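Enquirer: Coordinates in query_14.txt, compact mmCIF, C-alpha atoms and all ligand atoms, are listed below.
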# COMPACT_ATOMS: atom_id res chain seq x y z
CA MET C 1 34.71 39.85 -4.84
CA LEU C 2 36.37 39.28 -8.17
CA LYS C 3 33.80 39.40 -10.94
CA VAL C 4 34.20 38.46 -14.58
CA LEU C 5 31.58 40.28 -16.66
CA LYS C 6 31.01 39.52 -20.32
CA PHE C 7 29.18 41.89 -22.67
CA GLY C 8 27.88 40.51 -25.97
CA GLY C 9 27.56 42.11 -29.38
CA THR C 10 24.28 43.98 -28.86
CA SER C 11 25.46 45.19 -25.45
CA VAL C 12 28.36 46.99 -27.15
CA GLY C 13 26.60 47.50 -30.50
CA THR C 14 26.81 51.32 -30.54
CA LEU C 15 28.90 53.98 -28.82
CA GLU C 16 25.94 54.71 -26.53
CA ARG C 17 25.72 51.03 -25.62
CA ILE C 18 29.44 50.99 -24.80
CA GLN C 19 28.89 53.99 -22.53
CA ASN C 20 26.03 52.09 -20.88
CA VAL C 21 28.36 49.13 -20.26
CA ALA C 22 30.94 51.50 -18.77
CA ASN C 23 28.23 52.71 -16.36
CA ILE C 24 27.35 49.14 -15.33
CA ILE C 25 31.01 48.37 -14.65
CA LYS C 26 31.45 51.64 -12.80
CA ASP C 27 28.59 50.78 -10.41
CA ILE C 28 30.03 47.33 -9.71
CA ARG C 29 33.49 48.77 -9.18
CA ASP C 30 32.08 51.42 -6.81
CA GLU C 31 30.60 48.61 -4.71
CA GLY C 32 34.21 47.56 -4.10
CA HIS C 33 34.59 44.62 -6.49
CA ASP C 34 37.50 43.79 -8.77
CA VAL C 35 36.38 43.55 -12.37
CA ILE C 36 37.57 41.74 -15.46
CA ALA C 37 35.27 42.65 -18.35
CA VAL C 38 35.25 40.57 -21.52
CA VAL C 39 33.73 42.07 -24.65
CA SER C 40 32.44 40.87 -28.00
CA ALA C 41 32.72 42.79 -31.24
CA MET C 42 29.92 45.27 -32.01
CA SER C 43 26.88 43.29 -33.21
CA GLY C 44 27.06 42.45 -36.92
CA GLU C 45 30.78 43.22 -37.08
CA THR C 46 32.02 39.61 -37.19
CA ASN C 47 29.50 38.70 -39.91
CA LYS C 48 30.52 41.75 -41.91
CA LEU C 49 34.19 40.79 -41.75
CA ILE C 50 33.40 37.21 -42.83
CA GLU C 51 31.49 38.59 -45.83
CA TYR C 52 34.45 40.77 -46.74
CA ALA C 53 36.74 37.73 -46.71
CA GLU C 54 34.29 35.63 -48.71
CA SER C 55 34.13 38.31 -51.37
CA PHE C 56 37.72 37.29 -52.20
CA SER C 57 37.58 33.56 -51.51
CA LYS C 58 35.00 30.86 -50.76
CA THR C 59 37.56 29.06 -48.61
CA PRO C 60 39.71 31.77 -47.04
CA VAL C 61 42.85 30.70 -45.19
CA PRO C 62 41.78 30.03 -41.57
CA ASN C 63 44.65 31.84 -39.87
CA GLU C 64 43.96 34.96 -41.93
CA ILE C 65 40.30 34.74 -40.92
CA ASP C 66 41.43 34.78 -37.31
CA MET C 67 43.65 37.80 -37.90
CA LEU C 68 40.64 39.53 -39.44
CA LEU C 69 37.92 38.55 -36.97
CA SER C 70 39.96 39.15 -33.82
CA SER C 71 40.06 42.85 -34.76
CA GLY C 72 36.37 43.30 -33.92
CA GLU C 73 36.84 42.47 -30.24
CA ARG C 74 39.98 44.59 -30.02
CA VAL C 75 38.03 47.66 -31.10
CA THR C 76 35.39 47.30 -28.38
CA SER C 77 37.89 46.43 -25.65
CA ALA C 78 39.91 49.57 -26.35
CA LEU C 79 36.82 51.78 -26.60
CA LEU C 80 35.37 50.49 -23.34
CA SER C 81 38.70 50.97 -21.60
CA ILE C 82 38.90 54.54 -22.91
CA ALA C 83 35.33 55.27 -21.76
CA LEU C 84 36.04 53.99 -18.23
CA ASN C 85 39.36 55.80 -18.10
CA GLU C 86 37.64 59.06 -18.93
CA GLN C 87 35.44 58.60 -15.85
CA GLY C 88 38.50 58.44 -13.64
CA TYR C 89 39.02 54.67 -13.38
CA LYS C 90 42.36 52.96 -13.82
CA THR C 91 41.90 50.53 -16.68
CA THR C 92 43.77 48.45 -19.19
CA SER C 93 42.55 46.64 -22.26
CA MET C 94 44.12 43.30 -23.17
CA SER C 95 44.15 41.18 -26.30
CA GLY C 96 43.76 37.43 -25.86
CA ARG C 97 47.52 37.08 -26.01
CA GLU C 98 48.05 39.74 -23.31
CA ALA C 99 45.44 38.02 -21.14
CA GLY C 100 47.59 34.87 -21.40
CA ILE C 101 45.12 32.75 -23.37
CA VAL C 102 47.01 29.99 -25.19
CA THR C 103 45.20 27.76 -27.67
CA ASP C 104 45.81 24.85 -30.03
CA ASN C 105 46.34 25.43 -33.77
CA ALA C 106 42.74 24.80 -34.91
CA HIS C 107 42.22 28.25 -36.40
CA THR C 108 38.62 29.58 -36.35
CA ARG C 109 37.64 26.95 -33.76
CA ALA C 110 40.64 26.86 -31.46
CA ARG C 111 40.54 25.21 -28.05
CA ILE C 112 42.01 26.92 -25.01
CA GLU C 113 44.96 24.93 -23.68
CA SER C 114 46.06 27.13 -20.82
CA ILE C 115 45.70 30.60 -19.34
CA ASP C 116 48.63 32.37 -17.75
CA THR C 117 46.87 34.72 -15.33
CA ASN C 118 49.98 36.66 -14.23
CA ASN C 119 49.33 39.75 -16.36
CA MET C 120 45.74 39.95 -15.18
CA LYS C 121 46.68 39.41 -11.54
CA ASN C 122 49.28 42.18 -11.71
CA ALA C 123 46.81 44.59 -13.27
CA ILE C 124 44.23 43.82 -10.57
CA ALA C 125 46.86 44.30 -7.88
CA ASP C 126 47.51 47.70 -9.48
CA GLY C 127 43.84 48.54 -8.94
CA LYS C 128 42.96 48.37 -12.63
CA ILE C 129 39.76 47.31 -14.31
CA ILE C 130 40.72 44.90 -17.09
CA VAL C 131 38.89 44.85 -20.41
CA VAL C 132 39.71 41.71 -22.39
CA ALA C 133 39.02 41.31 -26.10
CA GLY C 134 36.91 38.15 -26.17
CA PHE C 135 36.87 35.25 -28.65
CA GLN C 136 40.65 35.03 -29.16
CA GLY C 137 43.94 33.64 -27.98
CA VAL C 138 47.37 32.87 -29.31
CA THR C 139 48.51 29.51 -30.70
CA GLU C 140 51.20 27.84 -28.66
CA ASP C 141 53.28 26.56 -31.61
CA THR C 142 53.12 29.36 -34.12
CA GLN C 143 52.27 32.33 -31.87
CA ARG C 144 49.50 33.37 -34.24
CA VAL C 145 46.25 34.95 -33.16
CA SER C 146 43.46 32.33 -33.02
CA THR C 147 39.70 32.55 -32.50
CA LEU C 148 37.47 30.29 -30.43
CA GLY C 149 34.46 29.70 -32.70
CA ARG C 150 31.27 31.73 -33.03
CA GLY C 151 29.97 33.02 -29.73
CA GLY C 152 33.45 32.41 -28.32
CA SER C 153 33.57 35.47 -26.07
CA ASP C 154 31.37 33.52 -23.65
CA LEU C 155 34.15 30.93 -23.50
CA THR C 156 36.81 33.59 -22.92
CA ALA C 157 34.85 34.86 -19.92
CA VAL C 158 34.20 31.45 -18.38
CA ALA C 159 37.76 30.24 -18.97
CA ILE C 160 39.22 33.36 -17.34
CA ALA C 161 36.77 33.10 -14.42
CA GLY C 162 37.84 29.48 -13.90
CA ALA C 163 41.55 30.11 -14.24
CA ILE C 164 41.65 33.12 -11.93
CA HIS C 165 39.10 31.66 -9.47
CA ALA C 166 36.63 34.54 -9.84
CA ASP C 167 33.63 34.54 -7.51
CA VAL C 168 31.17 34.85 -10.37
CA CYS C 169 31.00 35.04 -14.16
CA GLU C 170 28.11 37.16 -15.38
CA ILE C 171 27.19 37.01 -19.07
CA TYR C 172 25.36 40.20 -20.03
CA THR C 173 23.26 39.98 -23.18
CA ASP C 174 20.01 41.38 -24.61
CA VAL C 175 17.64 39.09 -22.67
CA ASP C 176 17.49 38.99 -18.89
CA GLY C 177 18.24 35.30 -18.44
CA ILE C 178 17.60 31.80 -19.72
CA TYR C 179 14.02 31.24 -20.82
CA THR C 180 12.05 28.04 -21.41
CA THR C 181 12.62 28.75 -25.10
CA ASP C 182 13.85 31.64 -27.24
CA PRO C 183 11.53 34.49 -26.13
CA ARG C 184 11.77 35.95 -29.64
CA ILE C 185 10.01 32.85 -31.00
CA GLU C 186 7.57 32.23 -28.17
CA PRO C 187 6.63 35.41 -26.27
CA LYS C 188 4.98 33.21 -23.62
CA ALA C 189 8.39 31.75 -22.69
CA LYS C 190 9.14 31.99 -18.95
CA LYS C 191 12.42 32.99 -17.38
CA LEU C 192 14.10 30.33 -15.24
CA ASP C 193 15.69 31.26 -11.88
CA LYS C 194 18.13 28.36 -12.13
CA ILE C 195 19.08 25.73 -14.66
CA SER C 196 21.55 22.85 -14.36
CA TYR C 197 24.82 22.82 -16.29
CA ASP C 198 23.73 19.67 -18.12
CA GLU C 199 20.42 21.09 -19.28
CA MET C 200 22.04 24.36 -20.33
CA LEU C 201 24.73 22.44 -22.19
CA GLU C 202 22.08 20.51 -24.13
CA LEU C 203 20.06 23.67 -24.89
CA ALA C 204 23.19 25.50 -26.05
CA SER C 205 24.42 22.56 -28.14
CA LEU C 206 20.98 22.18 -29.68
CA GLY C 207 20.73 25.77 -30.87
CA ALA C 208 19.97 28.16 -27.97
CA LYS C 209 22.73 30.64 -28.71
CA VAL C 210 22.17 32.60 -25.50
CA LEU C 211 25.29 30.82 -24.20
CA GLN C 212 27.97 29.18 -26.31
CA ASN C 213 27.98 25.43 -25.62
CA ARG C 214 31.71 25.14 -24.98
CA SER C 215 31.48 27.88 -22.36
CA VAL C 216 28.84 25.90 -20.49
CA GLU C 217 30.92 22.73 -20.72
CA MET C 218 33.89 24.59 -19.25
CA ALA C 219 31.76 26.23 -16.53
CA LYS C 220 30.64 22.76 -15.45
CA LYS C 221 34.16 21.36 -15.52
CA LEU C 222 35.67 24.25 -13.54
CA ASN C 223 32.61 24.74 -11.33
CA VAL C 224 32.18 28.39 -12.34
CA ASN C 225 29.22 30.30 -10.89
CA LEU C 226 27.66 31.32 -14.17
CA VAL C 227 24.87 33.89 -14.48
CA SER C 228 23.00 35.00 -17.60
CA ARG C 229 21.53 38.53 -17.40
CA SER C 230 20.79 41.67 -19.39
CA SER C 231 22.85 44.83 -19.93
CA PHE C 232 19.60 46.56 -20.91
CA THR C 233 18.03 45.90 -17.49
CA PRO C 234 21.03 45.33 -15.21
CA GLU C 235 18.85 45.74 -12.12
CA VAL C 236 16.99 42.51 -12.94
CA GLU C 237 18.52 39.34 -11.52
CA GLY C 238 19.32 36.78 -14.17
CA THR C 239 19.43 33.00 -14.33
CA LEU C 240 21.99 30.98 -12.37
CA ILE C 241 23.53 28.02 -14.18
CA THR C 242 24.51 25.59 -11.46
CA LYS C 243 24.87 21.98 -10.31
CA GLU C 244 21.79 19.80 -10.56
CA GLU C 245 21.75 19.17 -6.80
CA ASN C 246 21.31 22.92 -6.16
CA ILE C 247 17.97 22.84 -7.95
CA MET C 248 15.02 21.72 -5.85
CA GLU C 249 12.29 21.52 -8.42
CA LYS C 250 13.17 19.41 -11.44
CA PRO C 251 10.64 19.83 -14.22
CA VAL C 252 10.36 16.95 -16.70
CA VAL C 253 11.04 19.36 -19.57
CA SER C 254 12.91 22.59 -18.78
CA GLY C 255 13.29 24.05 -22.23
CA ILE C 256 12.95 23.83 -25.99
CA ALA C 257 15.77 24.58 -28.42
CA LEU C 258 15.71 25.26 -32.14
CA ASP C 259 18.60 24.96 -34.57
CA LYS C 260 18.02 26.10 -38.14
CA ASN C 261 21.66 25.90 -39.16
CA GLN C 262 21.62 22.22 -39.97
CA VAL C 263 21.96 20.24 -43.17
CA ARG C 264 20.73 16.66 -43.56
CA VAL C 265 23.14 14.48 -45.51
CA GLY C 266 21.65 11.37 -47.11
CA MET C 267 23.92 8.61 -48.44
CA TYR C 268 22.29 5.94 -50.59
CA GLY C 269 23.57 2.63 -51.94
CA VAL C 270 26.31 2.43 -49.35
CA THR C 271 28.30 -0.82 -49.47
CA ASP C 272 27.22 -2.96 -46.50
CA ARG C 273 30.46 -4.22 -44.99
CA PRO C 274 32.23 -4.01 -41.64
CA GLY C 275 34.28 -0.83 -41.29
CA MET C 276 32.22 1.24 -43.74
CA ALA C 277 30.63 3.50 -41.12
CA ALA C 278 33.91 3.64 -39.22
CA GLY C 279 35.70 4.83 -42.36
CA ILE C 280 33.17 7.50 -43.25
CA PHE C 281 32.73 8.94 -39.77
CA THR C 282 36.43 8.86 -38.96
CA SER C 283 37.11 10.92 -42.08
CA LEU C 284 34.38 13.39 -41.09
CA ALA C 285 35.79 13.63 -37.56
CA ASN C 286 39.31 14.18 -38.89
CA ALA C 287 37.95 17.07 -40.94
CA ASN C 288 36.59 18.53 -37.67
CA ILE C 289 32.99 18.12 -38.82
CA ASN C 290 30.41 18.01 -36.07
CA VAL C 291 28.19 15.03 -37.01
CA ASP C 292 24.89 14.46 -35.24
CA MET C 293 21.78 12.26 -35.52
CA ILE C 294 23.14 9.30 -37.47
CA VAL C 295 20.57 6.84 -38.80
CA GLN C 296 21.39 3.66 -40.76
CA THR C 297 18.65 1.65 -42.42
CA VAL C 298 18.50 -2.13 -42.77
CA ALA C 299 20.61 -3.34 -45.69
CA VAL C 300 18.95 -4.73 -48.84
CA ASP C 301 21.01 -6.60 -51.47
CA GLY C 302 24.29 -5.65 -49.82
CA LYS C 303 23.47 -1.92 -49.86
CA THR C 304 22.35 0.30 -47.05
CA SER C 305 21.60 3.99 -46.57
CA LEU C 306 22.90 6.35 -43.94
CA ASP C 307 21.56 9.73 -42.89
CA PHE C 308 23.15 12.26 -40.61
CA THR C 309 23.08 15.98 -39.86
CA ILE C 310 25.87 18.57 -39.77
CA PRO C 311 26.02 22.31 -39.07
CA THR C 312 25.55 24.38 -42.26
CA THR C 313 29.03 25.86 -41.76
CA ASP C 314 30.58 22.39 -42.28
CA TRP C 315 28.76 21.76 -45.54
CA GLU C 316 31.58 22.60 -47.97
CA ILE C 317 34.16 20.44 -46.16
CA CYS C 318 31.63 17.62 -45.86
CA LYS C 319 31.17 17.55 -49.65
CA THR C 320 34.92 17.18 -50.08
CA VAL C 321 35.02 14.29 -47.62
CA MET C 322 32.03 12.57 -49.28
CA ASN C 323 33.80 12.72 -52.63
CA THR C 324 36.57 10.48 -51.32
CA PHE C 325 33.98 7.66 -50.85
CA LYS C 326 32.71 7.71 -54.46
CA ASP C 327 33.41 3.99 -54.94
CA ASP C 328 31.33 2.89 -51.95
CA ILE C 329 28.40 5.33 -52.07
CA GLU C 330 26.04 5.48 -55.05
CA LYS C 331 24.43 8.82 -54.27
CA VAL C 332 24.71 11.62 -51.72
CA ASP C 333 22.11 14.33 -51.33
CA TYR C 334 21.89 17.36 -49.07
CA ASN C 335 18.84 19.08 -47.64
CA GLU C 336 19.29 22.39 -45.88
CA LYS C 337 15.58 23.17 -45.63
CA ILE C 338 15.36 21.32 -42.35
CA CYS C 339 15.74 22.24 -38.70
CA LYS C 340 16.21 20.49 -35.40
CA VAL C 341 13.79 21.05 -32.53
CA SER C 342 14.65 19.57 -29.16
CA ILE C 343 13.13 19.22 -25.74
CA VAL C 344 15.53 19.16 -22.79
CA GLY C 345 15.05 18.30 -19.13
CA VAL C 346 16.82 16.36 -16.37
CA GLY C 347 13.42 15.22 -15.09
CA MET C 348 13.10 13.02 -18.20
CA LYS C 349 15.42 10.48 -16.60
CA SER C 350 12.68 9.38 -14.25
CA HIS C 351 9.56 9.82 -16.38
CA THR C 352 7.97 7.81 -19.15
CA GLY C 353 5.89 9.08 -22.05
CA VAL C 354 7.92 12.27 -22.43
CA ALA C 355 8.96 11.64 -26.04
CA SER C 356 5.55 10.41 -27.17
CA LYS C 357 4.01 13.66 -25.96
CA ALA C 358 6.40 15.58 -28.22
CA PHE C 359 5.54 13.41 -31.22
CA SER C 360 1.80 13.89 -30.58
CA ALA C 361 2.23 17.67 -30.26
CA LEU C 362 3.91 17.81 -33.68
CA ALA C 363 1.41 15.37 -35.20
CA SER C 364 -1.50 17.54 -34.10
CA GLU C 365 0.03 20.38 -36.14
CA ASN C 366 0.51 17.99 -39.08
CA ILE C 367 4.29 18.27 -38.85
CA ASN C 368 6.18 15.25 -40.17
CA ILE C 369 9.23 14.09 -38.20
CA ARG C 370 12.15 12.93 -40.40
CA ILE C 371 14.75 11.83 -37.84
CA ILE C 372 14.54 11.36 -34.07
CA SER C 373 17.38 10.99 -31.61
CA THR C 374 17.23 10.74 -27.85
CA SER C 375 19.57 10.82 -24.88
CA GLU C 376 18.92 10.65 -21.16
CA ILE C 377 17.88 14.30 -20.96
CA LYS C 378 16.82 15.29 -24.47
CA VAL C 379 14.73 14.36 -27.48
CA SER C 380 15.67 15.93 -30.83
CA MET C 381 13.59 15.87 -33.99
CA ILE C 382 14.43 16.86 -37.55
CA ILE C 383 11.50 18.52 -39.32
CA GLU C 384 10.96 20.77 -42.32
CA GLU C 385 12.36 24.24 -41.68
CA LYS C 386 9.12 26.01 -42.54
CA TYR C 387 7.49 24.49 -39.44
CA ALA C 388 10.29 25.55 -37.05
CA GLU C 389 8.52 28.25 -35.06
CA LEU C 390 5.19 26.44 -35.09
CA ALA C 391 6.86 23.32 -33.67
CA VAL C 392 8.56 25.28 -30.90
CA ARG C 393 5.28 26.86 -29.84
CA ALA C 394 3.39 23.55 -30.02
CA LEU C 395 5.99 21.81 -27.83
CA HIS C 396 6.12 24.74 -25.41
CA GLU C 397 2.38 24.40 -24.91
CA ALA C 398 2.37 20.60 -24.74
CA TYR C 399 4.70 20.63 -21.72
CA ASN C 400 2.89 23.58 -20.08
CA LEU C 401 6.08 25.65 -20.07
CA ASP C 402 4.12 28.89 -20.05
CA LYS C 403 2.54 27.97 -16.70
P1 LIG G 1 25.24 38.13 -27.36
O1 LIG G 1 25.40 38.96 -28.59
O2 LIG G 1 25.05 38.96 -26.13
O3 LIG G 1 26.29 37.08 -27.19
P2 LIG G 1 23.39 36.22 -28.46
O4 LIG G 1 22.64 36.82 -29.61
O5 LIG G 1 24.53 35.32 -28.74
O6 LIG G 1 23.83 37.40 -27.50
O7 LIG G 1 22.36 35.44 -27.52
C1 LIG G 1 21.22 36.08 -27.02
C2 LIG G 1 19.98 35.61 -27.77
O8 LIG G 1 19.76 34.22 -27.53
C3 LIG G 1 18.68 36.25 -27.33
O9 LIG G 1 18.48 37.48 -27.99
C4 LIG G 1 17.63 35.20 -27.69
O10 LIG G 1 16.94 35.52 -28.89
C5 LIG G 1 18.44 33.94 -27.93
N1 LIG G 1 17.93 32.76 -27.19
C6 LIG G 1 17.79 31.53 -27.73
N2 LIG G 1 17.31 30.67 -26.85
C7 LIG G 1 17.14 31.35 -25.68
C8 LIG G 1 16.67 30.99 -24.38
N3 LIG G 1 16.27 29.74 -24.10
N4 LIG G 1 16.64 31.95 -23.43
C9 LIG G 1 17.05 33.20 -23.71
N5 LIG G 1 17.49 33.61 -24.92
C10 LIG G 1 17.55 32.70 -25.91
N1 LIG G 2 32.16 38.22 -32.24
C1 LIG G 2 32.15 36.78 -32.20
C2 LIG G 2 30.90 36.25 -32.88
O1 LIG G 2 30.10 37.02 -33.35
C3 LIG G 2 32.30 36.22 -30.82
C4 LIG G 2 31.23 36.58 -29.85
O2 LIG G 2 30.47 37.52 -30.05
O3 LIG G 2 31.12 35.90 -28.80
O4 LIG G 2 30.71 35.07 -32.98
MG MG G 3 26.54 35.09 -27.99
Take the structure in the file and give it back as structure tokens.
Ligand code: ADP
Ligand code: ASP
Ligand code: MG

Expert:
Amino acid sequence: MLKVLKFGGTSVGTLERIQNVANIIKDIRDEGHDVIAVVSAMSGETNKLIEYAESFSKTPVPNEIDMLLSSGERVTSALLSIALNEQGYKTTSMSGREAGIVTDNAHTRARIESIDTNNMKNAIADGKIIVVAGFQGVTEDTQRVSTLGRGGSDLTAVAIAGAIHADVCEIYTDVDGIYTTDPRIEPKAKKLDKISYDEMLELASLGAKVLQNRSVEMAKKLNVNLVSRSSFTPEVEGTLITKEENIMEKPVVSGIALDKNQVRVGMYGVTDRPGMAAGIFTSLANANINVDMIVQTVAVDGKTSLDFTIPTTDWEICKTVMNTFKDDIEKVDYNEKICKVSIVGVGMKSHTGVASKAFSALASENINIRIISTSEIKVSMIIEEKYAELAVRALHEAYNLDK
């Protein structure tokens, strides 16, 4: 079999942890499999580098940020390759460019456009274990190093697995699979054997960072056999992320996600005329801002108000965009002391009363809901940040997820 194995920041967080990863790979190789390992930077490294850059500039040049951040993954890929080599295995490390990963020009959040697998195929034919530096590629136009957004090593692994038709893509992290909610918030959370791509995509998009959302989207598109498991307990089987039809039992609610990195933007006294919302949200989209949960209230005296949420990281750019609408918006305010809690489940499609149960669970804890948004398989609620963990636990209990 050809296996793509990805090791996250904590899995390669120290030299001992890197040696541990080398041992995991060694065992898999000894079973006769071909291996492409994808590694993250050592945990905390990417944040540290961002802080360094921000000590010089609040808005550092994106392509320099990519030059800086991509170094973290290069360090671990070389170290892991050296460790495996020392144990007598033929190995080669590869940067994103060497692995053939070509992206668009959107520095710090680049999209993969193509992967030329020739280099990797040749190395495998040579009997080598490949260790790819995750989270990065090269821009097609300018041939600059680019990065794929936070948590992007997951995407590197899935994209490679899809492009090279690997048999499986295993994402090794510090928990042994996908749980009904973050086990660090609710110790009663239960591990799932399987979860559908769509549910995982919602959980990841709504804050469960155990898998990066774009990696799940790509796994679904390319039909990659994706497994989440732990490098701390590699003997434990993880969670399979798969097609909905491969899952027999479909619970109404499969999981709860929490996202604290959200800002609520409130616009008041907005001119009520056709094209106003189109203008505002097109400008936000053009600035690459990820807008969610839009609410518009009924207009009074030709003025309306609009609320929406954005990731905290888009806050600065959002302010700049809002400034260009000064003539049509009387006041804009921002509240970052909020969070988004969401319930997710494919079973919701065929059940009624799912949302009302969530509202009652929060009400019984006296938690006020500011904004609600729903889709076929999720209900999201904006609440005050101080109630985040309490809300997760209350919802977990309301849907009997610990049973
Ligand atoms: P890595 O550094 O390996 O990429 P991350 O820190 O990105 O790992 O993701 C793993 C973390 O995701 C876990 O430590 C856990 O706290 C968190 N997490 C959030 N939601 C879930 C969930 N539903 N199931 C498992 N882990 C979750
Ligand atoms: N090192 C990058 C980050 O911290 C990418 C990754 O770990 O997946 O976001
Ligand atoms: Mg991650």

Enquirer: Find the residues near C:Ser215: any atom within 10 Å, counting all atoms listed in the file, skip ones fewer than 2 places away on the same chain, and give them as number ranges by chain.

Expert: C: 151-159, 201, 204, 211-213, 217-221, 226

Enquirer: As JSON, numbers by chain, please: the residues near stretch 274-287 of chain C (cut-off 8 Å, only C-alpha atoms, same-chain neighbours under 4 positions excluded).

Expert: {"C": [291, 317, 318, 321, 322, 325]}

Enquirer: May I ask you to write as an NGL selection string all residues lying at most 10 Å from ligand LIG 2 (chain G), with only C-alpha atoms and all ligand atoms counted?

Expert: :C and (6-10 or 38-48 or 69-73 or 133-136 or 147-157 or 209 or 211-212)

Enquirer: Can you tell me, as a list in words, what residues are no more than 9 Å from C:Lys26 when counting all atoms listed in the file, ignoring any on the same chain fewer than 4 positions away?

Expert: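 Those residues are Val21, Ala22, Asp30, Glu31, Leu84, Gln87 and Tyr89 of chain C.
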
Enquirer: Based on the selection just made, write C-alpha atoms of those residues as a JSON list (two decimals), keeping the file's coordinate frame.

Expert:
[["chain", "number", "residue", "atom", "x", "y", "z"],
["C", 21, "VAL", "CA", 28.36, 49.13, -20.26],
["C", 22, "ALA", "CA", 30.94, 51.50, -18.77],
["C", 30, "ASP", "CA", 32.08, 51.42, -6.81],
["C", 31, "GLU", "CA", 30.60, 48.61, -4.71],
["C", 84, "LEU", "CA", 36.04, 53.99, -18.23],
["C", 87, "GLN", "CA", 35.44, 58.60, -15.85],
["C", 89, "TYR", "CA", 39.02, 54.67, -13.38]]

Enquirer: Could you tell me how far atom CA of C:Lys128 lies from atom CA of C:Leu222, in Å and to one decimal?

Expert: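 Interatomic distance here is 25.2 Å.
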
Enquirer: Set the distance at 12 Å and use all atoms listed in the file: which residues neighbour C:Asn85 once local chain neighbours fewer than 4 positions away are removed? I'd like the list as a ChimeraX atom specification.

Expert: /C:19,22-23,25-26,78-81,89-93,128-131

Enquirer: Between C:Arg109, C:Arg97, C:Arg370, C:Arg214, which residue has the minimum interatomic distance to ligand MG 3 (chain G), considering only C-alpha atoms and all ligand atoms?

Expert: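 Looking at the shortest contact to ligand MG 3 (chain G), the residue is C:Arg214.
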
Enquirer: Quick one: residues within 6 Å of C:His33, all atoms listed in the file counted, chain neighbours fewer than 3 positions away excluded, as a ChimeraX atom specification?

Expert: /C:1-2,29

Enquirer: Limited to C-alpha atoms, could you put the picked residues into a file as a PDB file, in the frame of the given file?

Expert:
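And here's result23.pdb as it stands now:
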ATOM      1  CA  MET C   1      34.710  39.850  -4.840  1.00  0.00           C
ATOM      2  CA  LEU C   2      36.370  39.280  -8.170  1.00  0.00           C
ATOM      3  CA  ARG C  29      33.490  48.770  -9.180  1.00  0.00           C
TER       4      ARG C  29
END

Enquirer: Considering all atoms listed in the file, state which residue in the set C:Ser228, C:Thr103, C:Asn223, C:Lys3 is at the smallest distance from ligand MG 3 (chain G).

Expert: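 The closest residue to ligand MG 3 (chain G) is C:Ser228.
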
Enquirer: Which is closer to ligand LIG 1 (chain G) than all the others in C:Val236, C:Val379, C:Ile185, C:Val354, using only C-alpha atoms and all ligand atoms?

Expert: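 Among the listed residues, the smallest separation from ligand LIG 1 (chain G) belongs to C:Ile185.
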
Enquirer: Around the point (10.7, 37.5, -23.3) in the file's coordinates, collect all residues with an atom within 12 Å, using only C-alpha atoms, and return them as a list in words.

Expert: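 Checking each residue against the 12 Å limit leaves Asp174, Val175, Asp176, Gly177, Ile178, Tyr179, Thr180, Thr181, Asp182, Pro183, Arg184, Ile185, Glu186, Pro187, Lys188, Ala189, Lys190, Lys191, Leu192, Ser230 and Asp402 of chain C.
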
Enquirer: Separation of atom C3 of ligand LIG 1 (chain G) and atom CA of C:Tyr172, in Å?

Expert: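 Here the two named atoms are 10.7 Å from each other.
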
Enquirer: Find the residue from C:Thr233, C:Thr374, C:Thr142, C:Ser196 that sits nearest to C:Asn246; use only C-alpha atoms when measuring.

Expert: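 Closest candidate: C:Ser196.
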
Enquirer: Just to confirm, what's the straight-line distance from atom CA of C:Val145 to atom CA of C:Met67 in Å (one decimal)?

Expert: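 Calculated distance between atom CA of C:Val145 and atom CA of C:Met67 is 6.1 Å.
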
Enquirer: Using only C-alpha atoms, which of the listed residues (C:Thr309, C:Asn368, C:Ser231, C:Ser57) sits closest to C:Thr173?

Expert: C:Ser231

Enquirer: For ligand LIG 1 (chain G), which residue among C:Cys339, C:Val210, C:Val392, C:Ile289 is the nearest when counting only C-alpha atoms and all ligand atoms?

Expert: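 Distance minimum relative to ligand LIG 1 (chain G) lands on C:Val210.
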
Enquirer: Draw an axis-aligned box over all listed atoms of stretch 328-346 of chain C, pad each side with 3 Å, and write its centre and edge lengths in Å, one decimal, as JSON.

Expert:
{"center_x": 22.2, "center_y": 13.0, "center_z": -35.7, "size_x": 24.2, "size_y": 26.3, "size_z": 44.7}
